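Student: Contents of run.tsv (TSV, C-alpha atoms and all ligand atoms) are given next:
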```
chain	number	residue	atom	x	y	z
A	1	MET	CA	0.00	0.00	0.00
A	2	PHE	CA	2.83	2.43	0.77
A	3	HIS	CA	5.17	2.86	-2.17
A	4	THR	CA	6.64	5.44	-4.55
A	5	ASP	CA	3.28	6.24	-6.11
A	6	TYR	CA	1.27	6.44	-2.88
A	7	PRO	CA	-1.28	9.08	-3.86
A	8	TYR	CA	-2.29	10.74	-0.56
A	9	PHE	CA	-0.75	14.19	-0.10
A	10	SER	CA	-1.58	15.54	3.34
A	11	SER	CA	-1.22	19.20	2.35
A	12	GLY	CA	-4.30	19.22	0.08
A	13	SER	CA	-6.46	20.74	2.82
A	14	SER	CA	-5.97	24.22	4.29
A	15	VAL	CA	-7.58	23.10	7.56
A	16	MET	CA	-5.06	20.25	7.86
A	17	ARG	CA	-2.16	22.60	7.04
A	18	GLU	CA	-3.24	24.84	9.90
A	19	HIS	CA	-3.78	21.87	12.23
A	20	PHE	CA	-0.23	20.60	11.69
A	21	GLU	CA	1.32	24.06	11.91
A	22	ASN	CA	-0.33	24.45	15.32
A	23	THR	CA	0.86	20.97	16.30
A	24	ALA	CA	4.46	21.79	15.36
A	25	ASN	CA	4.33	25.07	17.26
A	26	LYS	CA	3.02	23.27	20.33
A	27	PHE	CA	5.98	20.85	20.21
A	28	LEU	CA	8.38	23.75	19.74
A	29	GLU	CA	6.94	25.55	22.78
A	30	GLN	CA	6.40	22.62	25.13
A	31	GLU	CA	8.73	19.71	24.30
A	32	LEU	CA	11.57	20.82	22.04
A	33	ILE	CA	13.08	23.20	24.55
A	34	GLY	CA	16.37	21.51	25.55
A	35	SER	CA	19.78	22.53	24.21
A	36	ASP	CA	19.68	20.50	20.96
A	37	PRO	CA	16.25	18.88	20.74
A	38	PHE	CA	15.38	16.18	18.19
A	39	ILE	CA	11.97	15.11	16.88
A	40	VAL	CA	11.17	12.11	14.69
A	41	GLU	CA	7.90	11.88	12.77
A	42	LEU	CA	6.55	8.56	11.50
A	43	GLY	CA	4.53	8.92	8.30
A	44	SER	CA	5.67	12.50	7.70
A	45	ASN	CA	4.13	12.35	4.21
A	46	ASP	CA	4.68	15.57	2.21
A	47	GLY	CA	6.13	17.40	5.22
A	48	ILE	CA	2.92	19.07	6.37
A	49	MET	CA	4.01	19.08	10.05
A	50	LEU	CA	7.83	19.00	9.81
A	51	ARG	CA	8.04	22.06	7.57
A	52	THR	CA	7.35	24.28	10.60
A	53	ILE	CA	9.96	22.41	12.66
A	54	ALA	CA	12.53	22.70	9.84
A	55	LYS	CA	11.85	26.43	9.50
A	56	ALA	CA	12.51	26.82	13.23
A	57	GLY	CA	15.93	25.20	12.65
A	58	VAL	CA	15.21	22.30	15.04
A	59	ARG	CA	16.77	18.85	14.40
A	60	HIS	CA	14.19	16.51	12.92
A	61	LEU	CA	13.74	13.39	10.84
A	62	GLY	CA	10.71	12.14	8.95
A	63	VAL	CA	10.47	8.37	8.53
A	64	GLU	CA	8.28	7.96	5.47
A	65	PRO	CA	8.28	4.81	3.30
A	66	SER	CA	6.30	6.35	0.42
A	67	GLY	CA	9.01	7.75	-1.84
A	68	GLY	CA	6.88	10.22	-3.83
A	69	VAL	CA	5.45	12.10	-0.87
A	70	ALA	CA	8.82	11.92	0.93
A	71	GLU	CA	10.48	13.57	-2.06
A	72	HIS	CA	7.94	16.40	-1.87
A	73	ALA	CA	8.99	17.01	1.74
A	74	ARG	CA	12.71	16.85	0.91
A	75	ALA	CA	12.25	19.49	-1.76
A	76	GLN	CA	11.22	21.86	1.05
A	77	GLY	CA	14.41	21.23	3.02
A	78	ILE	CA	12.97	18.57	5.33
A	79	ASN	CA	15.17	15.65	6.40
A	80	VAL	CA	13.44	12.37	5.48
A	81	LEU	CA	14.42	8.70	5.64
A	82	THR	CA	12.50	6.64	3.09
A	83	GLU	CA	11.91	3.57	5.27
A	84	PHE	CA	9.16	1.86	7.23
A	85	PHE	CA	9.59	2.63	10.92
A	86	GLU	CA	10.11	-0.50	13.00
A	87	ALA	CA	12.67	-1.78	15.52
A	88	THR	CA	15.68	-1.98	13.19
A	89	THR	CA	14.97	1.43	11.58
A	90	ALA	CA	14.72	2.96	15.05
A	91	ALA	CA	18.06	1.48	16.08
A	92	ALA	CA	19.69	2.87	12.94
A	93	VAL	CA	18.17	6.32	13.56
A	94	ARG	CA	19.35	6.27	17.18
A	95	ALA	CA	22.86	5.29	16.08
A	96	GLU	CA	23.04	8.11	13.55
A	97	TYR	CA	21.22	10.95	15.33
A	98	GLY	CA	21.11	10.08	19.03
A	99	PRO	CA	17.93	9.90	21.13
A	100	ALA	CA	14.68	11.69	20.28
A	101	ASP	CA	12.76	13.96	22.66
A	102	VAL	CA	9.54	13.45	20.72
A	103	VAL	CA	8.35	10.77	18.34
A	104	TYR	CA	5.14	11.84	16.61
A	105	ALA	CA	2.76	10.03	14.26
A	106	ALA	CA	-0.49	11.39	12.79
A	107	ASN	CA	-2.86	9.03	11.01
A	108	THR	CA	-0.05	6.51	10.81
A	109	MET	CA	-0.17	4.24	13.88
A	110	CYS	CA	-3.60	3.00	12.83
A	111	HIS	CA	-1.97	1.80	9.59
A	112	ILE	CA	0.75	-0.32	11.20
A	113	PRO	CA	-0.12	-3.86	12.35
A	114	TYR	CA	3.25	-4.63	14.00
A	115	VAL	CA	2.98	-2.55	17.21
A	116	ASP	CA	5.47	-4.75	19.09
A	117	SER	CA	8.23	-3.75	16.69
A	118	ILE	CA	7.12	-0.09	16.85
A	119	PHE	CA	7.34	-0.06	20.64
A	120	ALA	CA	10.73	-1.82	20.63
A	121	GLY	CA	11.80	1.00	18.29
A	122	LEU	CA	10.35	3.69	20.57
A	123	ASP	CA	12.16	2.18	23.53
A	124	ALA	CA	15.44	2.32	21.61
A	125	LEU	CA	14.89	5.82	20.28
A	126	LEU	CA	13.27	7.97	22.98
A	127	THR	CA	15.20	9.83	25.70
A	128	PRO	CA	14.27	8.70	29.25
A	129	GLY	CA	11.84	11.63	29.58
A	130	GLY	CA	10.75	11.65	25.93
A	131	VAL	CA	7.20	11.29	24.64
A	132	PHE	CA	5.50	9.37	21.91
A	133	VAL	CA	2.53	11.38	20.63
A	134	PHE	CA	0.12	9.96	18.08
A	135	GLU	CA	-3.32	10.84	16.76
A	136	ASP	CA	-5.79	8.72	14.85
A	137	PRO	CA	-9.54	8.47	14.17
A	138	TYR	CA	-11.24	7.78	17.50
A	139	LEU	CA	-13.37	4.66	17.86
A	140	GLY	CA	-15.74	6.68	20.07
A	141	GLU	CA	-16.43	9.11	17.20
A	142	ILE	CA	-16.68	6.39	14.56
A	143	VAL	CA	-19.44	4.78	16.62
A	144	GLU	CA	-21.05	8.11	17.58
A	145	ARG	CA	-21.11	9.45	14.01
A	146	THR	CA	-21.69	6.13	12.25
A	147	SER	CA	-18.58	6.98	10.20
A	148	PHE	CA	-18.09	3.39	9.13
A	149	ASP	CA	-16.12	4.46	6.05
A	150	GLN	CA	-13.11	4.98	8.33
A	151	ILE	CA	-12.96	1.19	8.11
A	152	TYR	CA	-10.91	0.44	4.99
A	153	ASP	CA	-7.84	-1.53	3.97
A	154	GLU	CA	-5.23	0.99	5.14
A	155	HIS	CA	-6.79	1.31	8.61
A	156	PHE	CA	-5.74	-1.66	10.69
A	157	TYR	CA	-6.60	-0.32	14.17
A	158	PHE	CA	-9.45	1.76	15.59
A	159	PHE	CA	-8.04	3.11	18.84
A	160	SER	CA	-9.72	4.21	22.04
A	161	ALA	CA	-8.22	5.47	25.31
A	162	THR	CA	-8.94	2.04	26.80
A	163	SER	CA	-7.07	0.16	24.07
A	164	VAL	CA	-4.14	2.59	23.96
A	165	ASP	CA	-3.83	2.48	27.76
A	166	ALA	CA	-3.59	-1.33	27.61
A	167	MET	CA	-1.18	-1.26	24.65
A	168	ALA	CA	1.12	1.26	26.37
A	169	ARG	CA	1.29	-0.81	29.58
A	170	ARG	CA	2.13	-3.95	27.64
A	171	PHE	CA	5.27	-2.27	26.30
A	172	GLY	CA	6.45	-0.50	29.47
A	173	PHE	CA	4.86	2.84	28.57
A	174	GLU	CA	1.99	4.78	30.09
A	175	LEU	CA	-0.82	6.88	28.62
A	176	VAL	CA	-0.23	10.31	30.19
A	177	ASP	CA	-2.48	12.60	28.18
A	178	VAL	CA	-5.37	12.53	25.74
A	179	GLN	CA	-6.78	15.37	23.68
A	180	ARG	CA	-9.88	15.31	21.52
A	181	LEU	CA	-9.33	16.68	18.00
A	182	THR	CA	-11.99	17.71	15.47
A	183	VAL	CA	-10.01	16.84	12.31
A	184	HIS	CA	-10.82	13.81	10.11
A	185	GLY	CA	-14.24	13.41	11.70
A	186	GLY	CA	-12.98	13.30	15.31
A	187	GLU	CA	-9.67	11.98	16.55
A	188	VAL	CA	-7.80	11.58	19.81
A	189	ARG	CA	-4.19	12.62	20.31
A	190	TYR	CA	-2.53	10.22	22.76
A	191	THR	CA	0.66	11.09	24.65
A	192	LEU	CA	2.71	8.17	25.96
A	193	ALA	CA	5.75	8.30	28.22
A	194	ARG	CA	7.90	5.62	29.80
A	195	ALA	CA	6.13	4.13	32.85
A	196	GLY	CA	6.61	6.41	35.84
A	197	ALA	CA	8.32	9.19	33.86
A	198	ARG	CA	5.37	11.63	33.80
A	199	ALA	CA	2.18	12.11	35.79
A	200	ALA	CA	-1.01	11.48	33.83
A	201	THR	CA	-3.34	14.46	33.30
A	202	PRO	CA	-6.94	14.20	34.59
A	203	ALA	CA	-8.10	13.99	30.95
A	204	VAL	CA	-6.89	10.38	30.77
A	205	ALA	CA	-9.03	9.12	33.67
A	206	GLU	CA	-11.97	11.17	32.36
A	207	LEU	CA	-11.89	9.62	28.89
A	208	LEU	CA	-11.35	6.12	30.27
A	209	ALA	CA	-14.38	6.60	32.54
A	210	GLU	CA	-16.47	8.00	29.68
A	211	GLU	CA	-15.69	4.98	27.50
A	212	SER	CA	-16.58	2.64	30.33
A	213	VAL	CA	-19.90	4.42	31.11
A	214	ARG	CA	-21.00	4.38	27.45
A	215	GLY	CA	-19.92	0.74	27.07
A	216	LEU	CA	-17.81	1.58	24.03
A	217	HIS	CA	-16.14	-1.82	24.07
A	218	ASP	CA	-19.28	-3.83	24.75
A	219	ARG	CA	-20.79	-6.08	22.17
A	220	ASP	CA	-24.17	-4.31	22.46
A	221	CYS	CA	-22.66	-0.95	21.58
A	222	LEU	CA	-20.94	-2.33	18.49
A	223	ALA	CA	-24.07	-4.26	17.49
A	224	ARG	CA	-26.03	-0.97	17.61
A	225	PHE	CA	-23.31	0.63	15.49
A	226	ALA	CA	-23.62	-2.19	12.94
A	227	ALA	CA	-27.40	-1.71	12.78
A	228	GLU	CA	-26.96	2.06	12.23
A	229	VAL	CA	-24.46	1.38	9.43
A	230	GLY	CA	-27.10	-0.81	7.78
A	231	VAL	CA	-29.63	2.05	7.97
A	232	VAL	CA	-27.19	4.43	6.27
A	233	ARG	CA	-26.71	1.95	3.46
A	234	THR	CA	-30.44	1.39	2.97
A	235	GLU	CA	-31.17	5.13	2.94
A	236	LEU	CA	-28.26	6.07	0.68
A	237	ILE	CA	-29.16	3.38	-1.86
A	238	ALA	CA	-32.82	4.53	-1.78
A	239	LEU	CA	-31.87	8.19	-2.25
A	240	LEU	CA	-29.55	7.51	-5.20
A	241	HIS	CA	-32.19	5.25	-6.75
A	242	LYS	CA	-34.84	7.97	-6.43
A	243	LEU	CA	-32.58	10.69	-7.83
A	244	LYS	CA	-31.75	8.49	-10.81
A	245	ALA	CA	-35.44	7.83	-11.41
A	246	ASP	CA	-36.11	11.59	-11.20
A	247	GLY	CA	-33.45	12.23	-13.84
A	248	ALA	CA	-31.22	14.22	-11.45
A	249	THR	CA	-27.45	14.26	-11.99
A	250	VAL	CA	-25.17	13.23	-9.12
A	251	VAL	CA	-21.38	13.35	-8.89
A	252	GLY	CA	-19.02	12.45	-6.04
A	253	TYR	CA	-16.72	14.99	-4.36
A	254	GLY	CA	-13.35	13.68	-3.10
A	255	ALA	CA	-11.90	10.34	-4.23
A	256	THR	CA	-11.08	9.55	-0.62
A	257	ALA	CA	-9.73	6.27	0.70
A	258	LYS	CA	-12.87	6.17	2.87
A	259	SER	CA	-15.14	6.36	-0.15
A	260	ALA	CA	-14.00	2.92	-1.33
A	261	THR	CA	-15.89	1.47	1.64
A	262	VAL	CA	-19.13	3.37	1.16
A	263	ILE	CA	-19.14	3.01	-2.64
A	264	ASN	CA	-18.57	-0.74	-2.63
A	265	TYR	CA	-20.69	-1.50	0.45
A	266	CYS	CA	-23.64	0.39	-1.06
A	267	GLY	CA	-22.98	-0.97	-4.55
A	268	ILE	CA	-22.86	2.55	-6.06
A	269	THR	CA	-22.44	2.46	-9.84
A	270	PRO	CA	-21.30	5.05	-12.43
A	271	ASP	CA	-24.92	5.03	-13.51
A	272	GLN	CA	-25.90	6.63	-10.17
A	273	VAL	CA	-22.79	8.71	-9.47
A	274	ARG	CA	-21.33	9.70	-12.83
A	275	TYR	CA	-17.83	10.56	-11.68
A	276	VAL	CA	-15.85	11.76	-8.67
A	277	VAL	CA	-13.85	14.99	-8.64
A	278	ASP	CA	-10.55	15.28	-6.77
A	279	THR	CA	-7.67	17.76	-6.64
A	280	THR	CA	-4.98	15.04	-6.50
A	281	PRO	CA	-3.33	14.70	-9.95
A	282	ALA	CA	-2.31	11.07	-9.22
A	283	LYS	CA	-5.96	10.08	-8.77
A	284	GLN	CA	-7.31	11.89	-11.82
A	285	HIS	CA	-8.17	10.06	-15.05
A	286	ARG	CA	-8.20	6.80	-13.13
A	287	VAL	CA	-11.14	4.97	-11.55
A	288	THR	CA	-12.20	4.29	-7.97
A	289	PRO	CA	-11.34	0.84	-6.58
A	290	GLY	CA	-13.92	-1.86	-7.21
A	291	ALA	CA	-16.84	0.17	-8.54
A	292	HIS	CA	-14.75	1.98	-11.18
A	293	LEU	CA	-16.32	5.43	-10.93
A	294	PRO	CA	-14.20	7.74	-13.13
A	295	VAL	CA	-12.08	10.28	-11.22
A	296	ARG	CA	-11.89	13.75	-12.77
A	297	PRO	CA	-9.95	16.90	-11.88
A	298	ALA	CA	-11.58	19.34	-9.48
A	299	GLU	CA	-12.05	21.73	-12.42
A	300	ALA	CA	-14.75	19.35	-13.72
A	301	PHE	CA	-16.88	20.60	-10.82
A	302	ALA	CA	-18.01	23.80	-12.52
A	303	ALA	CA	-21.03	25.29	-14.27
A	304	PRO	CA	-23.11	23.67	-15.60
A	305	TYR	CA	-23.06	21.98	-12.18
A	306	PRO	CA	-24.66	18.61	-11.44
A	307	ASP	CA	-27.90	18.70	-9.38
A	308	TYR	CA	-26.31	16.86	-6.43
A	309	ALA	CA	-22.81	16.25	-5.08
A	310	LEU	CA	-22.20	13.28	-2.79
A	311	LEU	CA	-19.54	14.50	-0.36
A	312	PHE	CA	-17.11	11.62	0.08
A	313	ALA	CA	-14.61	14.02	1.73
A	314	TRP	CA	-17.19	14.80	4.45
A	315	ASN	CA	-14.41	15.39	7.00
A	316	HIS	CA	-13.48	18.49	4.99
A	317	ALA	CA	-17.12	19.62	4.62
A	318	GLU	CA	-16.71	23.14	5.96
A	319	GLU	CA	-13.66	23.88	3.80
A	320	ILE	CA	-15.14	22.35	0.65
A	321	MET	CA	-18.63	23.83	1.02
A	322	ALA	CA	-17.12	27.30	1.55
A	323	LYS	CA	-14.88	26.89	-1.50
A	324	GLU	CA	-17.74	25.59	-3.66
A	325	SER	CA	-20.36	28.17	-2.59
A	326	GLU	CA	-21.23	28.84	-6.24
A	327	PHE	CA	-22.56	25.27	-6.56
A	328	ARG	CA	-25.14	25.84	-3.82
A	329	ALA	CA	-25.91	29.37	-4.95
A	330	GLY	CA	-26.90	27.91	-8.32
A	331	GLY	CA	-29.29	25.43	-6.69
A	332	GLY	CA	-26.86	22.51	-6.22
A	333	LYS	CA	-27.39	20.26	-3.22
A	334	TRP	CA	-24.89	18.35	-1.12
A	335	ILE	CA	-25.56	14.78	-0.02
A	336	LEU	CA	-24.04	13.73	3.29
A	337	TYR	CA	-24.18	10.24	4.77
A	338	THR	CA	-22.62	10.56	8.19
A	339	PRO	CA	-24.02	10.45	10.85
A	340	ASN	CA	-27.11	9.97	8.66
A	341	VAL	CA	-28.17	10.37	5.07
A	342	ARG	CA	-29.35	13.90	4.33
A	343	VAL	CA	-29.53	16.51	1.61
A	344	VAL	CA	-28.19	19.99	2.34
A	345	ASP	CA	-29.42	22.79	0.12
B	401	LIG	P1	-9.11	12.72	3.13
B	401	LIG	C1	-6.32	9.37	3.60
B	401	LIG	O1	-7.70	9.07	3.75
B	401	LIG	C2	-5.56	8.09	3.62
B	401	LIG	P2	-8.81	9.82	2.88
B	401	LIG	C3	-5.00	7.70	4.96
B	401	LIG	N1	-5.17	6.26	5.11
B	401	LIG	C4	-5.65	8.37	6.12
B	401	LIG	O2	-5.73	7.84	7.18
B	401	LIG	C5	-6.10	9.78	5.96
B	401	LIG	O3	-5.92	10.23	4.65
B	401	LIG	C6	-5.35	10.72	6.86
B	401	LIG	C7	-9.51	15.56	-2.03
B	401	LIG	N2	-9.88	16.96	-1.82
B	401	LIG	O4	-8.26	13.71	3.81
B	401	LIG	C8	-8.06	15.26	-1.74
B	401	LIG	C9	-10.41	17.68	-2.87
B	401	LIG	O5	-10.59	17.14	-3.97
B	401	LIG	O6	-10.55	12.78	3.48
B	401	LIG	C10	-8.10	13.84	-1.21
B	401	LIG	O7	-8.03	12.92	-2.29
B	401	LIG	N3	-10.75	18.99	-2.64
B	401	LIG	C11	-3.57	8.03	5.04
B	401	LIG	O8	-8.46	9.74	1.44
B	401	LIG	C12	-9.48	13.75	-0.59
B	401	LIG	O9	-10.28	14.77	-1.16
B	401	LIG	C13	-10.58	19.59	-1.43
B	401	LIG	O10	-10.89	20.79	-1.28
B	401	LIG	O11	-10.13	9.30	3.30
B	401	LIG	C14	-9.44	14.00	0.91
B	401	LIG	O12	-8.97	12.87	1.55
B	401	LIG	C15	-10.04	18.82	-0.35
B	401	LIG	C16	-9.88	19.43	1.03
B	401	LIG	C17	-9.71	17.51	-0.58
B	401	LIG	O13	-8.53	11.30	3.45
B	402	LIG	N1	0.91	12.19	8.86
B	402	LIG	C1	0.20	12.51	7.63
B	402	LIG	C2	0.13	11.32	6.69
B	402	LIG	C3	-0.82	10.23	7.06
B	402	LIG	S1	-0.89	9.03	5.76
B	402	LIG	C4	-1.17	13.03	7.91
B	402	LIG	O1	-1.66	12.90	9.03
B	402	LIG	O2	-1.80	13.55	7.00
B	402	LIG	C5	-0.06	7.66	6.51
B	402	LIG	C6	1.42	7.70	6.17
B	402	LIG	O3	2.06	6.67	6.92
B	402	LIG	C7	1.69	7.41	4.71
B	402	LIG	O4	2.38	8.50	4.16
B	402	LIG	C8	2.50	6.10	4.73
B	402	LIG	O5	3.48	6.04	3.73
B	402	LIG	C9	3.10	6.14	6.13
B	402	LIG	N2	3.48	4.84	6.73
B	402	LIG	C10	2.90	3.64	6.57
B	402	LIG	N3	3.55	2.70	7.30
B	402	LIG	C11	4.56	3.32	7.94
B	402	LIG	C12	5.61	2.90	8.82
B	402	LIG	N4	5.74	1.65	9.20
B	402	LIG	N5	6.49	3.83	9.28
B	402	LIG	C13	6.38	5.13	8.90
B	402	LIG	N6	5.41	5.59	8.07
B	402	LIG	C14	4.52	4.70	7.59
```
Please express the file's structure as C-alpha cells.
Tutor:
Amino acid sequence: MFHTDYPYFSSGSSVMREHFENTANKFLEQELIGSDPFIVELGSNDGIMLRTIAKAGVRHLGVEPSGGVAEHARAQGINVLTEFFEATTAAAVRAEYGPADVVYAANTMCHIPYVDSIFAGLDALLTPGGVFVFEDPYLGEIVERTSFDQIYDEHFYFFSATSVDAMARRFGFELVDVQRLTVHGGEVRYTLARAGARAATPAVAELLAEESVRGLHDRDCLARFAAEVGVVRTELIALLHKLKADGATVVGYGATAKSATVINYCGITPDQVRYVVDTTPAKQHRVTPGAHLPVRPAEAFAAPYPDYALLFAWNHAEEIMAKESEFRAGGGKWILYTPNVRVVD
C-alpha cells in the first residue's frame, strides 16, 4: 500500500495545514526546549508538520516509506528517511542521530499492524523523559457518528483510550495525556511516556471513565453501530435510486480512501454517481477501486453543475462547502451520509 506512487498528499487541505502548523508550534513551545532537541515523525508524508519544525531550525527526521510524498517534503528542506519505521529502523536512527525527545505520528499508527516492533523501536529511540505522541480516528467518534467508512484496507486499528492504555502498559509505557481533535471526523491525540516518567493528566481518567460508562467496548454498543451502518446503506441506496429515477445528476466529491468502503458497500455504480472529482493529480483520469467510478480533476466541478454532489470528503465539509459556494448558490445540493443520510441545500 505504501510505495513510490502512494497518492495521498496531506497538504491538500488548508484546515489540515493549519492543524499541523499548530501541532508543530506546540511541540516547539512545550517539548523541544532543551539545548539541541530532536523530533522524529513517523509517516511525515509531504512534510505538512515538519516544515514548521525545519523552519525553526530544530533537528528533525521524517520516517516515510512512500518515496513520492517523501520527495515532496525533501524538496522543502525537510530531512526524510524513506523507510518503514520499525525496531531496526529505530536502532539505525538512534545510532546516527542520538535519542529523540519526541516521536510523533499522525494518522499513521492506525496503519501499522506490528505494534510490538514499533514499541521496541520507541524504547530504543526515545530519551528517558521523551514522549510518543500519536493521533488517529477515534473509535468513540466512529461509533457516535456512524462513520463506518473509516474502516478500509489501510486502517488496521481503531483506537480508544482504553485500548491505547492497555497497549502502552504492555510495552512499558503509560498513557499520560489525551486530547480530543476535530479533524478527520474526530480523533484523539494520545501522549505516551515511559512508565513512571510523567504524571497522567486528569483527561486520561476522564476519557477512560467515559468509555466505560457508554460501554464503548461492549458487544451491544458495536451491534447498535452495525445496525446504524445498515440504515445508512439502505437510505443512501434509496436516495440515489430515487434521484436516478427523477433524472437528477449526481457526482461524487473527493476520491477519498474512505469512499471505497461506502461506494462498494452500497454498490454505487457510475450510472448513479457519474464521476468523482478530486484535486490530487495522481488520482485523476483513473477509476475508484472496485466500482470503477471515473475520477476527474476538481475543475470538472463547474457550471453547468450537477444537481447533487455526494460528499465523500465529508471530513473536509466546511472547507469544501465554503470553496464551492457557487454550486449551492446555483441550486446545487450536497448529499451527506454521516451520521445519517441527508440533503443539504
Ligand atoms: P481525506 C487518507 O484518507 C488516507 P482519505 C489515509 N489512510 C488516512 O488515514 C487519511 O488520509 C489521513 C480531495 N480533496 O483527507 C483530496 C479535494 O478534492 O478525506 C483527497 O483525495 N478537494 C492516510 O483519502 C481527498 O479529497 C478539497 O478541497 O479518506 C481527501 O482525503 C479537499 C480538502 C480535498 O482522506
Ligand atoms: N501524517 C500525515 C500522513 C498520514 S498518511 C497526515 O496525518 O496527513 C499515513 C502515512 O504513513 C503514509 O504517508 C505512509 O506512507 C506512512 N506509513 C505507513 N507505514 C509506515 C511505517 N511503518 N512507518 C512510517 N510511516 C509509515
Student: If we draw a sphere of 12 Å around (-24.2, 16.4, -5.3), which residues have at least one atom in it when counting all atoms listed in the file? Please report them as an MDAnalysis selection string.
Tutor: chainID A and resid 239:240 243 248:254 272:277 301 305:312 321 324 327:328 331:337 342:345
Student: So, with all atoms listed in the file as the atoms that count, which of A:Arg233, A:His285, A:Lys244, A:His3 lies closest to A:Phe148?
Tutor: A:Arg233
Student: For a cut-off of 7 Å around (10.1, 21.3, 7.3), file coordinates, pick out all residues using all atoms listed in the file and list them as a PyMOL selection string.
Tutor: chain A and resi 47+50-55+76-78
Student: Taking into account all atoms listed in the file, which residue in the set A:Ile112, A:Ile320, A:Val102, A:Val58 is nearest to A:Ala193?
Tutor: A:Val102
Student: Hey, which of A:Thr162, A:Ala106, A:Glu29, A:Phe85 ends up closest to A:Gly215? Count only C-alpha atoms.
Tutor: A:Thr162
Student: Between A:Thr191, A:Thr88, A:Gln150, A:Thr201, which is the closest to ligand LIG 401 (chain B) once you count only C-alpha atoms and all ligand atoms?
Tutor: A:Gln150
Student: Residues contacting ligand LIG 401 (chain B) - anything with an atom at most 9 Å away, using only C-alpha atoms and all ligand atoms - can you give me those as a PyMOL selection string?
Tutor: chain A and resi 7-16+43+45+106-108+110-111+136-137+149-150+152-155+184+253-260+276-280+283+297-298+312-317+319-321+323-324
Student: Can you spit out the residues from that selection as a PDB file, in the frame of the given file, using C-alpha atoms?
Tutor:
```
ATOM      1  CA  PRO A   7      -1.280   9.080  -3.860  1.00  0.00           C
ATOM      2  CA  TYR A   8      -2.290  10.740  -0.560  1.00  0.00           C
ATOM      3  CA  PHE A   9      -0.750  14.190  -0.100  1.00  0.00           C
ATOM      4  CA  SER A  10      -1.580  15.540   3.340  1.00  0.00           C
ATOM      5  CA  SER A  11      -1.220  19.200   2.350  1.00  0.00           C
ATOM      6  CA  GLY A  12      -4.300  19.220   0.080  1.00  0.00           C
ATOM      7  CA  SER A  13      -6.460  20.740   2.820  1.00  0.00           C
ATOM      8  CA  SER A  14      -5.970  24.220   4.290  1.00  0.00           C
ATOM      9  CA  VAL A  15      -7.580  23.100   7.560  1.00  0.00           C
ATOM     10  CA  MET A  16      -5.060  20.250   7.860  1.00  0.00           C
ATOM     11  CA  GLY A  43       4.530   8.920   8.300  1.00  0.00           C
ATOM     12  CA  ASN A  45       4.130  12.350   4.210  1.00  0.00           C
ATOM     13  CA  ALA A 106      -0.490  11.390  12.790  1.00  0.00           C
ATOM     14  CA  ASN A 107      -2.860   9.030  11.010  1.00  0.00           C
ATOM     15  CA  THR A 108      -0.050   6.510  10.810  1.00  0.00           C
ATOM     16  CA  CYS A 110      -3.600   3.000  12.830  1.00  0.00           C
ATOM     17  CA  HIS A 111      -1.970   1.800   9.590  1.00  0.00           C
ATOM     18  CA  ASP A 136      -5.790   8.720  14.850  1.00  0.00           C
ATOM     19  CA  PRO A 137      -9.540   8.470  14.170  1.00  0.00           C
ATOM     20  CA  ASP A 149     -16.120   4.460   6.050  1.00  0.00           C
ATOM     21  CA  GLN A 150     -13.110   4.980   8.330  1.00  0.00           C
ATOM     22  CA  TYR A 152     -10.910   0.440   4.990  1.00  0.00           C
ATOM     23  CA  ASP A 153      -7.840  -1.530   3.970  1.00  0.00           C
ATOM     24  CA  GLU A 154      -5.230   0.990   5.140  1.00  0.00           C
ATOM     25  CA  HIS A 155      -6.790   1.310   8.610  1.00  0.00           C
ATOM     26  CA  HIS A 184     -10.820  13.810  10.110  1.00  0.00           C
ATOM     27  CA  TYR A 253     -16.720  14.990  -4.360  1.00  0.00           C
ATOM     28  CA  GLY A 254     -13.350  13.680  -3.100  1.00  0.00           C
ATOM     29  CA  ALA A 255     -11.900  10.340  -4.230  1.00  0.00           C
ATOM     30  CA  THR A 256     -11.080   9.550  -0.620  1.00  0.00           C
ATOM     31  CA  ALA A 257      -9.730   6.270   0.700  1.00  0.00           C
ATOM     32  CA  LYS A 258     -12.870   6.170   2.870  1.00  0.00           C
ATOM     33  CA  SER A 259     -15.140   6.360  -0.150  1.00  0.00           C
ATOM     34  CA  ALA A 260     -14.000   2.920  -1.330  1.00  0.00           C
ATOM     35  CA  VAL A 276     -15.850  11.760  -8.670  1.00  0.00           C
ATOM     36  CA  VAL A 277     -13.850  14.990  -8.640  1.00  0.00           C
ATOM     37  CA  ASP A 278     -10.550  15.280  -6.770  1.00  0.00           C
ATOM     38  CA  THR A 279      -7.670  17.760  -6.640  1.00  0.00           C
ATOM     39  CA  THR A 280      -4.980  15.040  -6.500  1.00  0.00           C
ATOM     40  CA  LYS A 283      -5.960  10.080  -8.770  1.00  0.00           C
ATOM     41  CA  PRO A 297      -9.950  16.900 -11.880  1.00  0.00           C
ATOM     42  CA  ALA A 298     -11.580  19.340  -9.480  1.00  0.00           C
ATOM     43  CA  PHE A 312     -17.110  11.620   0.080  1.00  0.00           C
ATOM     44  CA  ALA A 313     -14.610  14.020   1.730  1.00  0.00           C
ATOM     45  CA  TRP A 314     -17.190  14.800   4.450  1.00  0.00           C
ATOM     46  CA  ASN A 315     -14.410  15.390   7.000  1.00  0.00           C
ATOM     47  CA  HIS A 316     -13.480  18.490   4.990  1.00  0.00           C
ATOM     48  CA  ALA A 317     -17.120  19.620   4.620  1.00  0.00           C
ATOM     49  CA  GLU A 319     -13.660  23.880   3.800  1.00  0.00           C
ATOM     50  CA  ILE A 320     -15.140  22.350   0.650  1.00  0.00           C
ATOM     51  CA  MET A 321     -18.630  23.830   1.020  1.00  0.00           C
ATOM     52  CA  LYS A 323     -14.880  26.890  -1.500  1.00  0.00           C
ATOM     53  CA  GLU A 324     -17.740  25.590  -3.660  1.00  0.00           C
TER      54      GLU A 324
END
```
Student: So the first atom is atom CA of A:Ala105 and the second is atom CA of A:Ile48; what is the distance between them in Å, to one decimal place?
Tutor: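 Atom-to-atom, atom CA of A:Ala105 to atom CA of A:Ile48, that is 12.0 Å.
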Student: Looking at all atoms listed in the file, which of A:Leu32, A:Val295, A:Val183, A:Val178 is the one that sits closest to ligand LIG 402 (chain B)?
Tutor: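 With all atoms listed in the file as the atom set, the closest residue is A:Val183.
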Student: Which distance in Å separates atom CA of A:Thr82 and atom CA of A:Phe171, to one decimal?
Tutor: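 Distance between the two atoms: 25.9 Å.
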